[in-house]
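Asks: Provided herewith: coords29.csv, CSV, C-alpha atoms.
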chain,number,residue,atom,x,y,z
A,260,MET,CA,6.9,19.0,19.5
A,261,ALA,CA,7.8,15.4,19.0
A,262,TRP,CA,8.0,13.5,15.7
A,263,ALA,CA,7.7,9.8,15.6
A,264,LEU,CA,8.8,8.6,12.2
A,265,ASP,CA,8.0,5.2,10.6
A,266,LEU,CA,10.9,3.9,8.6
A,267,ASP,CA,9.8,1.6,5.8
A,268,GLY,CA,8.0,3.7,3.2
A,269,VAL,CA,8.8,7.0,5.0
A,270,VAL,CA,12.6,7.2,5.5
A,271,TRP,CA,13.6,4.4,3.1
A,272,LEU,CA,12.5,1.6,0.9
A,273,GLU,CA,14.7,-1.5,1.6
A,274,ASP,CA,18.2,-0.2,1.3
A,275,GLU,CA,17.6,3.1,-0.5
A,276,ALA,CA,16.8,6.3,1.3
A,277,ILE,CA,13.7,8.1,0.1
A,278,ALA,CA,14.7,11.4,-1.6
A,279,GLY,CA,14.8,14.3,0.9
A,280,ALA,CA,14.2,12.2,4.0
A,281,PRO,CA,17.7,12.6,5.6
A,282,GLU,CA,17.6,16.3,4.9
A,283,ALA,CA,14.1,16.6,6.5
A,284,ILE,CA,15.3,14.8,9.7
A,285,ALA,CA,18.3,17.1,9.9
A,286,ALA,CA,16.0,20.1,9.5
A,287,LEU,CA,13.8,18.9,12.4
A,288,ARG,CA,16.8,18.4,14.6
A,289,ALA,CA,18.1,21.9,13.7
A,290,ALA,CA,14.8,23.3,14.6
A,291,GLY,CA,15.0,21.7,18.1
A,292,GLU,CA,12.3,19.1,17.5
A,293,HIS,CA,12.4,15.7,19.2
A,294,VAL,CA,12.7,12.9,16.7
A,295,GLY,CA,12.2,9.1,17.2
A,296,PHE,CA,12.1,6.2,14.8
A,297,VAL,CA,9.3,3.8,15.4
A,298,THR,CA,9.2,0.6,13.2
A,299,ASN,CA,7.2,-2.6,13.2
A,300,PHE,CA,10.1,-4.2,11.4
A,301,SER,CA,11.3,-6.7,14.0
A,302,PHE,CA,13.9,-8.6,12.0
A,303,GLY,CA,16.9,-6.4,12.5
A,304,ARG,CA,18.5,-5.6,15.9
A,305,ARG,CA,18.1,-2.1,17.2
A,306,GLU,CA,21.8,-1.5,16.6
A,307,ASP,CA,21.5,-2.6,13.0
A,308,ILE,CA,18.7,-0.2,12.4
A,309,ALA,CA,20.6,2.7,14.0
A,310,ALA,CA,23.6,1.8,11.9
A,311,LYS,CA,21.5,1.8,8.7
A,312,LEU,CA,20.2,5.3,9.7
A,313,GLU,CA,23.8,6.4,10.2
A,314,ARG,CA,24.7,5.1,6.7
A,315,HIS,CA,22.1,7.4,5.3
A,316,GLY,CA,23.5,10.3,7.2
A,317,ILE,CA,20.8,10.3,9.8
A,318,ASP,CA,21.7,10.6,13.5
A,319,ALA,CA,19.7,7.9,15.4
A,320,SER,CA,20.5,9.4,18.8
A,321,ASN,CA,19.2,6.4,20.8
A,322,GLY,CA,15.8,7.1,19.2
A,323,VAL,CA,15.0,3.7,17.7
A,324,ILE,CA,12.0,1.8,18.9
A,325,THR,CA,11.1,-1.5,17.3
A,326,SER,CA,8.2,-3.9,17.6
A,327,ALA,CA,10.7,-6.5,18.8
A,328,MET,CA,11.6,-4.2,21.7
A,329,ALA,CA,7.9,-3.8,22.5
A,330,ALA,CA,7.3,-7.6,22.3
A,331,ALA,CA,10.2,-8.4,24.5
A,332,ALA,CA,9.0,-6.0,27.2
A,333,LEU,CA,5.9,-8.2,27.5
A,334,VAL,CA,7.9,-11.3,28.4
A,335,PRO,CA,9.0,-11.8,32.0
A,336,SER,CA,12.7,-12.2,32.8
A,337,GLY,CA,13.5,-15.9,33.2
A,338,ALA,CA,10.7,-17.1,30.9
A,339,ARG,CA,11.3,-19.6,28.0
A,340,ALA,CA,10.3,-18.4,24.5
A,341,LEU,CA,10.0,-20.3,21.2
A,342,VAL,CA,11.1,-17.8,18.6
A,343,CYS,CA,9.5,-17.8,15.2
A,344,ALA,CA,11.2,-14.5,14.2
A,345,GLY,CA,14.4,-12.9,13.2
A,346,PRO,CA,17.6,-11.9,15.1
A,347,GLY,CA,16.0,-8.6,16.3
A,348,VAL,CA,13.5,-10.6,18.4
A,349,VAL,CA,16.1,-13.0,19.8
A,350,ASP,CA,18.4,-10.1,20.8
A,351,GLU,CA,15.7,-8.2,22.6
A,352,LEU,CA,14.5,-11.3,24.5
A,353,GLN,CA,18.0,-12.2,25.6
A,354,ARG,CA,18.5,-8.7,26.8
A,355,ARG,CA,15.7,-9.5,29.3
A,356,ASN,CA,17.3,-12.8,30.3
A,357,VAL,CA,14.7,-14.8,28.4
A,358,GLU,CA,15.7,-18.2,27.3
A,359,THR,CA,15.2,-18.5,23.5
A,360,LEU,CA,14.6,-21.6,21.4
A,361,ASP,CA,14.5,-21.4,17.6
A,362,ALA,CA,11.3,-22.8,16.1
A,363,SER,CA,13.4,-24.2,13.2
A,364,ASP,CA,15.5,-26.4,15.6
A,365,PRO,CA,14.2,-30.0,15.8
A,366,ALA,CA,15.6,-30.1,19.4
A,367,ALA,CA,13.1,-27.5,20.4
A,368,ARG,CA,10.1,-29.6,19.4
A,369,GLY,CA,8.1,-30.8,22.3
A,370,VAL,CA,10.0,-28.6,24.8
A,371,SER,CA,7.6,-26.7,27.2
A,372,VAL,CA,7.7,-23.0,26.6
A,373,ASP,CA,6.0,-20.0,28.2
A,374,VAL,CA,5.5,-17.9,25.0
A,375,VAL,CA,5.8,-18.2,21.3
A,376,VAL,CA,7.0,-14.9,19.7
A,377,VAL,CA,6.3,-14.4,16.0
A,378,GLY,CA,7.8,-11.7,13.8
A,379,TYR,CA,8.7,-11.2,10.1
A,380,HIS,CA,11.5,-13.5,8.9
A,381,PRO,CA,11.9,-14.6,5.3
A,382,THR,CA,12.8,-18.2,6.2
A,383,PHE,CA,9.4,-18.9,7.6
A,384,ASP,CA,8.1,-22.3,6.5
A,385,TYR,CA,5.7,-25.1,7.3
A,386,ASP,CA,7.9,-26.7,9.9
A,387,ARG,CA,8.2,-23.4,11.9
A,388,MET,CA,4.4,-22.9,11.7
A,389,THR,CA,3.9,-26.4,13.0
A,390,ALA,CA,6.3,-26.0,15.9
A,391,ALA,CA,4.8,-22.7,16.9
A,392,SER,CA,1.2,-23.7,16.6
A,393,THR,CA,1.9,-26.9,18.5
A,394,ALA,CA,3.5,-25.0,21.4
A,395,VAL,CA,0.5,-22.6,21.6
A,396,ARG,CA,-2.0,-25.5,21.6
A,397,ASN,CA,0.1,-26.9,24.5
A,398,GLY,CA,-0.5,-23.7,26.5
A,399,ALA,CA,2.1,-21.1,25.5
A,400,ARG,CA,1.1,-17.5,25.0
A,401,LEU,CA,1.1,-16.4,21.4
A,402,LEU,CA,2.8,-13.0,21.0
A,403,GLY,CA,3.2,-11.1,17.7
A,404,THR,CA,5.6,-8.3,17.1
A,405,ASN,CA,3.0,-6.8,14.8
A,406,ASP,CA,0.1,-7.7,12.6
A,407,ASP,CA,1.1,-5.9,9.4
A,408,SER,CA,-0.2,-7.9,6.5
A,409,THR,CA,2.4,-6.6,4.1
A,410,TYR,CA,5.9,-5.1,4.1
A,411,PRO,CA,6.8,-2.4,1.5
A,412,THR,CA,9.7,-3.0,-0.9
A,413,ALA,CA,10.9,-1.2,-4.0
A,414,ALA,CA,9.3,-3.9,-6.1
A,415,GLY,CA,6.0,-3.6,-4.2
A,416,PRO,CA,4.4,-5.1,-1.0
A,417,VAL,CA,5.4,-8.6,0.2
A,418,PRO,CA,3.8,-10.6,3.0
A,419,GLY,CA,4.6,-9.1,6.4
A,420,GLY,CA,4.9,-10.3,9.9
A,421,GLY,CA,1.1,-10.3,10.4
A,422,ALA,CA,0.7,-12.8,7.5
A,423,LEU,CA,3.0,-15.2,9.3
A,424,LEU,CA,1.3,-14.6,12.6
A,425,ALA,CA,-2.1,-15.2,11.1
A,426,SER,CA,-1.2,-18.7,9.9
A,427,ILE,CA,-0.1,-19.7,13.4
A,428,ALA,CA,-3.1,-18.1,15.0
A,429,VAL,CA,-5.4,-20.1,12.7
A,430,ALA,CA,-3.5,-23.3,13.1
A,431,SER,CA,-3.6,-23.0,16.9
A,432,GLY,CA,-7.0,-21.5,17.3
A,433,VAL,CA,-5.7,-18.7,19.6
A,434,SER,CA,-5.9,-15.0,19.2
A,435,PRO,CA,-2.5,-13.4,19.5
A,436,GLU,CA,-1.3,-10.5,21.7
A,437,ILE,CA,0.2,-7.8,19.5
A,438,ALA,CA,3.1,-5.5,20.7
A,439,GLY,CA,3.8,-3.2,17.8
A,440,LYS,CA,1.9,-0.4,16.1
A,441,PRO,CA,-0.9,0.4,16.5
A,442,TYR,CA,-1.2,-1.2,19.9
A,443,GLN,CA,-0.6,0.1,23.4
A,444,PRO,CA,2.7,-1.7,24.3
A,445,ILE,CA,4.8,0.2,21.8
A,446,ALA,CA,2.8,3.4,22.4
A,447,ASP,CA,3.9,3.3,26.0
A,448,MET,CA,7.5,3.2,24.8
A,449,VAL,CA,7.0,6.2,22.5
A,450,HIS,CA,5.4,8.2,25.3
A,451,GLU,CA,8.4,7.4,27.5
A,452,LEU,CA,10.9,8.5,24.9
A,453,LEU,CA,9.2,11.4,23.3
A,454,GLY,CA,6.5,12.7,25.6
A,455,THR,CA,2.7,13.1,25.2
A,456,ASP,CA,2.4,15.6,22.4
A,457,GLY,CA,3.5,15.0,18.8
A,458,ILE,CA,2.9,13.8,15.3
A,459,MET,CA,3.1,10.2,14.0
A,460,VAL,CA,4.4,10.2,10.4
A,461,GLY,CA,3.7,7.0,8.4
A,462,ASP,CA,2.6,5.6,5.1
A,463,ARG,CA,-0.1,3.1,6.4
A,464,PRO,CA,-3.4,4.5,7.7
A,465,ASP,CA,-4.3,1.0,9.2
A,466,THR,CA,-1.1,0.9,11.2
A,467,ASP,CA,0.4,4.4,11.5
A,468,GLY,CA,-3.0,6.2,11.5
A,469,ARG,CA,-4.5,4.0,14.1
A,470,PHE,CA,-1.2,4.3,16.1
A,471,ALA,CA,-1.6,8.1,16.1
A,472,LEU,CA,-5.0,7.6,17.7
A,473,THR,CA,-3.5,5.3,20.3
A,474,LEU,CA,-0.8,7.9,21.1
A,475,GLY,CA,-3.3,10.7,21.1
A,476,TRP,CA,-1.1,12.5,18.5
A,477,GLU,CA,-1.7,14.0,15.0
A,478,PHE,CA,-1.3,11.7,12.0
A,479,GLY,CA,0.9,12.8,9.1
A,480,LEU,CA,0.4,10.5,6.0
A,481,VAL,CA,3.1,10.4,3.4
A,482,LEU,CA,2.7,8.9,-0.1
A,483,THR,CA,6.1,7.3,-0.5
A,484,GLY,CA,5.1,3.8,0.7
A,485,VAL,CA,2.1,1.6,0.5
A,486,THR,CA,-0.5,4.4,0.2
A,487,SER,CA,-0.8,6.5,-3.0
A,488,ARG,CA,-2.9,9.5,-3.8
A,489,ALA,CA,-5.3,7.2,-5.7
A,490,ASP,CA,-6.1,5.5,-2.3
A,491,LEU,CA,-7.4,8.7,-0.7
A,492,PRO,CA,-9.6,9.2,1.3
A,493,VAL,CA,-8.4,6.8,3.9
A,494,ASP,CA,-9.5,5.8,7.4
A,495,PRO,CA,-8.5,7.2,9.9
A,496,ASP,CA,-8.4,10.6,8.3
A,497,PRO,CA,-4.9,12.1,8.4
A,498,ASP,CA,-4.4,15.5,9.9
A,499,VAL,CA,-2.0,16.2,7.0
A,500,VAL,CA,-1.2,14.5,3.7
A,501,ALA,CA,2.2,15.1,2.0
A,502,ASP,CA,4.0,13.6,-1.0
A,503,SER,CA,7.0,12.8,1.2
A,504,LEU,CA,8.5,13.4,4.6
A,505,HIS,CA,10.6,16.2,3.1
A,506,SER,CA,7.5,18.1,1.9
A,507,LEU,CA,5.7,17.5,5.1
A,508,VAL,CA,8.5,18.8,7.2
A,509,SER,CA,9.2,21.7,4.9
A,510,GLU,CA,5.6,22.9,5.2
A,511,ALA,CA,5.5,22.4,8.9
A,512,LEU,CA,8.7,24.3,9.6
A,513,SER,CA,7.8,27.1,7.2
A,514,ARG,CA,4.6,27.8,9.1
A,515,ARG,CA,6.8,28.7,12.1
A,516,GLU,CA,8.8,31.3,10.3
A,517,PRO,CA,8.2,34.9,11.3
A,518,GLY,CA,5.5,36.5,9.2
A,519,ARG,CA,3.9,33.1,8.3
Show the structure stored in the file as structure tokens.

Replies:
Amino acid sequence: MAWALDLDGVVWLEDEAIAGAPEAIAALRAAGEHVGFVTNFSFGRREDIAAKLERHGIDASNGVITSAMAAAALVPSGARALVCAGPGVVDELQRRNVETLDASDPAARGVSVDVVVVGYHPTFDYDRMTAASTAVRNGARLLGTNDDSTYPTAAGPVPGGGALLASIAVASGVSPEIAGKPYQPIADMVHELLGTDGIMVGDRPDTDGRFALTLGWEFGLVLTGVTSRADLPVDPDPDVVADSLHSLVSEALSRREPGR
């Protein structure tokens, strides 16, 4: 069985690992389970995310899939992109031989581009929104890494990539394409990496739960991120609800023990 694990709110909150998460992942691997890490957080490069997992004692094993990777896969090689996002998006586009222009660079204003790619970045401002929406009104595709309204932190939710994308969509009058969870582009990458049977574990029913439906997998909801027990019931209905990844994995593996 395959396990696709969201990161923010499941494995960590900002820079702190959630209690028991590294041990749960180690237990899955010891049991021979296939594990992948699927995140809508597009700001960091895939190597940065793998390194962060390693710092928490978690073997990434080439199992990281980000919404930046999914977005870049939708842009043809040789295209020109205006980037209103972080270094993770720039890196993935350049891997595909896409020319990247920074939306904050005055020299990029008025330059014809094929696509505007939007993802979470804390330096987003009015000038970037203006440059991005102008390019879209001039004919560029509008592509979002994800449409998450918030991003979980230890201090509570903050505006996510979807909030930034929504401002550009409203300003340009164009509905964006979305690459990340819960949409098909990133589902295709998960199926390629992990196969067609598994469980998606996340903390957001609107993103991770809907993504489980897109994958055709079970949905495991953990209560260490944006969803609390007070929010239950939620839609879509999870196949399993657990206080944490550790408790979910412990219960799942215990059911496989002889005599259980």

Asks: Kindly provide the residues of stretch 359-387 of chain A that approach stretch 422-428 of chain A to within 12 Å, each paired with its closest atom pair and their distance in Å to one decimal, based on all atoms listed in the file, listed by chain and increasing number, as a tab-separated table.

Replies:
residue	atom	partner	partner_atom	distance
A:Val375	CA	A:Ile427	CA	10.0
A:Val376	CA	A:Leu424	CA	9.1
A:Val377	CA	A:Leu424	CA	6.0
A:Gly378	CA	A:Leu424	CA	7.2
A:Tyr379	CA	A:Leu423	CA	7.0
A:His380	CA	A:Leu423	CA	8.7
A:Pro381	CA	A:Leu423	CA	9.8
A:Thr382	CA	A:Leu423	CA	10.7
A:Phe383	CA	A:Leu423	CA	7.6
A:Asp384	CA	A:Leu423	CA	9.2
A:Tyr385	CA	A:Ser426	CA	9.8
A:Asp386	CA	A:Ile427	CA	11.2
A:Arg387	CA	A:Ile427	CA	9.2

Asks: Within 8 Å of stretch 267-272 of chain A, counting only C-alpha atoms, which residues show up once you throw out same-chain ones fewer than 6 positions away? Write them as JSON, numbers by chain, please.

Replies: {"A": [280, 281, 298, 410, 411, 412, 413, 460, 461, 462, 481, 483, 484, 485, 503, 504]}

Asks: Can you list every residue of stretch 354-421 of chain A that has an atom at most 7 Å from stretch 430-450 of chain A, with its nearest atom pair and the distance in Å to one decimal, using only C-alpha atoms, ordered by chain then number, as CSV?

Replies:
residue,atom,partner,partner_atom,distance
A:Ser392,CA,A:Ser431,CA,4.9
A:Thr393,CA,A:Ser431,CA,6.9
A:Val395,CA,A:Ser431,CA,6.2
A:Arg396,CA,A:Ser431,CA,5.6
A:Leu401,CA,A:Pro435,CA,5.1
A:Leu402,CA,A:Glu436,CA,4.9
A:Gly403,CA,A:Ile437,CA,4.8
A:Thr404,CA,A:Ala438,CA,5.2
A:Asn405,CA,A:Gly439,CA,4.8
A:Asp406,CA,A:Ile437,CA,6.9

Asks: Mind giving me the straight-line distance from atom CA of A:Ala285 to atom CA of A:Gly475 in Å, one decimal?

Replies: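 About the pair atom CA of A:Ala285 and atom CA of A:Gly475: they are 25.2 Å apart.
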
Asks: Point out the residue among A:Asn299, A:Ser487, A:Thr389, A:Gln353 with the least atom-to-atom distance to A:Thr466, counting only C-alpha atoms.

Replies: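 Under the stated criterion, the closest residue is A:Asn299.
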
Asks: Quick one: pull the distance between atom CA of A:Phe302 and atom CA of A:Pro346, Å, one decimal.

Replies: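 Atom-to-atom, atom CA of A:Phe302 to atom CA of A:Pro346, that is 5.8 Å.
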
Asks: Within 8 Å of stretch 507-517 of chain A, counting all atoms listed in the file, which residues qualify if same-chain residues fewer than 2 places away don't, as a ChimeraX atom specification?

Replies: /A:283,286-287,290,479,481,500-505,519

Asks: At a cut-off of 6 Å, can you tabulate as JSON lines every residue of stretch 348-432 of chain A near stretch 318-332 of chain A together with its closest atom pair and the distance in Å to one decimal, using all atoms listed in the file and ordering rows by chain then number?

Replies:
{"residue": "A:Val348", "atom": "CA", "partner": "A:Ala327", "partner_atom": "CA", "distance": 5.0}
{"residue": "A:Glu351", "atom": "CA", "partner": "A:Met328", "partner_atom": "CA", "distance": 5.8}
{"residue": "A:Leu352", "atom": "CA", "partner": "A:Ala331", "partner_atom": "CA", "distance": 5.2}
{"residue": "A:Thr404", "atom": "CA", "partner": "A:Ser326", "partner_atom": "CA", "distance": 5.1}

Asks: Could you work out how far atom CA of A:Phe296 lies from atom CA of A:Leu472, giving the answer in Å with one decimal?

Replies: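 Computing the Euclidean distance for atom CA of A:Leu472 and atom CA of A:Phe296 yields 17.4 Å.
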
Asks: Measuring atom to atom with only C-alpha atoms, identify which of A:Ile284, A:Ala390, A:Gly398, A:Arg354 is nearest to A:Val374.

Replies: A:Gly398

Asks: Find the spatial neighbours of A:Ser408, counting only C-alpha atoms, within a cut-off of 7 Å - ignore same-chain residues fewer than 5 positions away - and output them as an MDAnalysis selection string.

Replies: chainID A and resid 418:422

Asks: Return the single residue from A:Gly316, A:Ala344, A:Phe470, A:Gly337 that is closest to A:Glu358, with distances computed using all atoms listed in the file.

Replies: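 Closest candidate: A:Gly337.
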
Asks: Taking only C-alpha atoms into account, which of A:Asp496, A:Arg463, A:Glu292, A:Ala276 comes nearest A:Glu313?

Replies: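 Of A:Asp496, A:Arg463, A:Glu292, A:Ala276, the one nearest A:Glu313, counting only C-alpha atoms, is A:Ala276.
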
Asks: Between A:Pro497, A:Ser371, A:Thr409, A:Leu312, single out the one closest to A:Asn397, counting only C-alpha atoms.

Replies: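 Counting only C-alpha atoms, the residue closest to A:Asn397 is A:Ser371.
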
Asks: Hey, which of A:Asp265, A:Asp274, A:Asp373, A:Asp498 ends up closest to A:Pro335? Count only C-alpha atoms.

Replies: A:Asp373

Asks: Near A:Thr359, counting only C-alpha atoms, which residues have an atom at most 9 Å away, once you skip same-chain residues fewer than 2 positions from it, shown as a ChimeraX atom specification?

Replies: /A:338-342,349,352-353,357,361
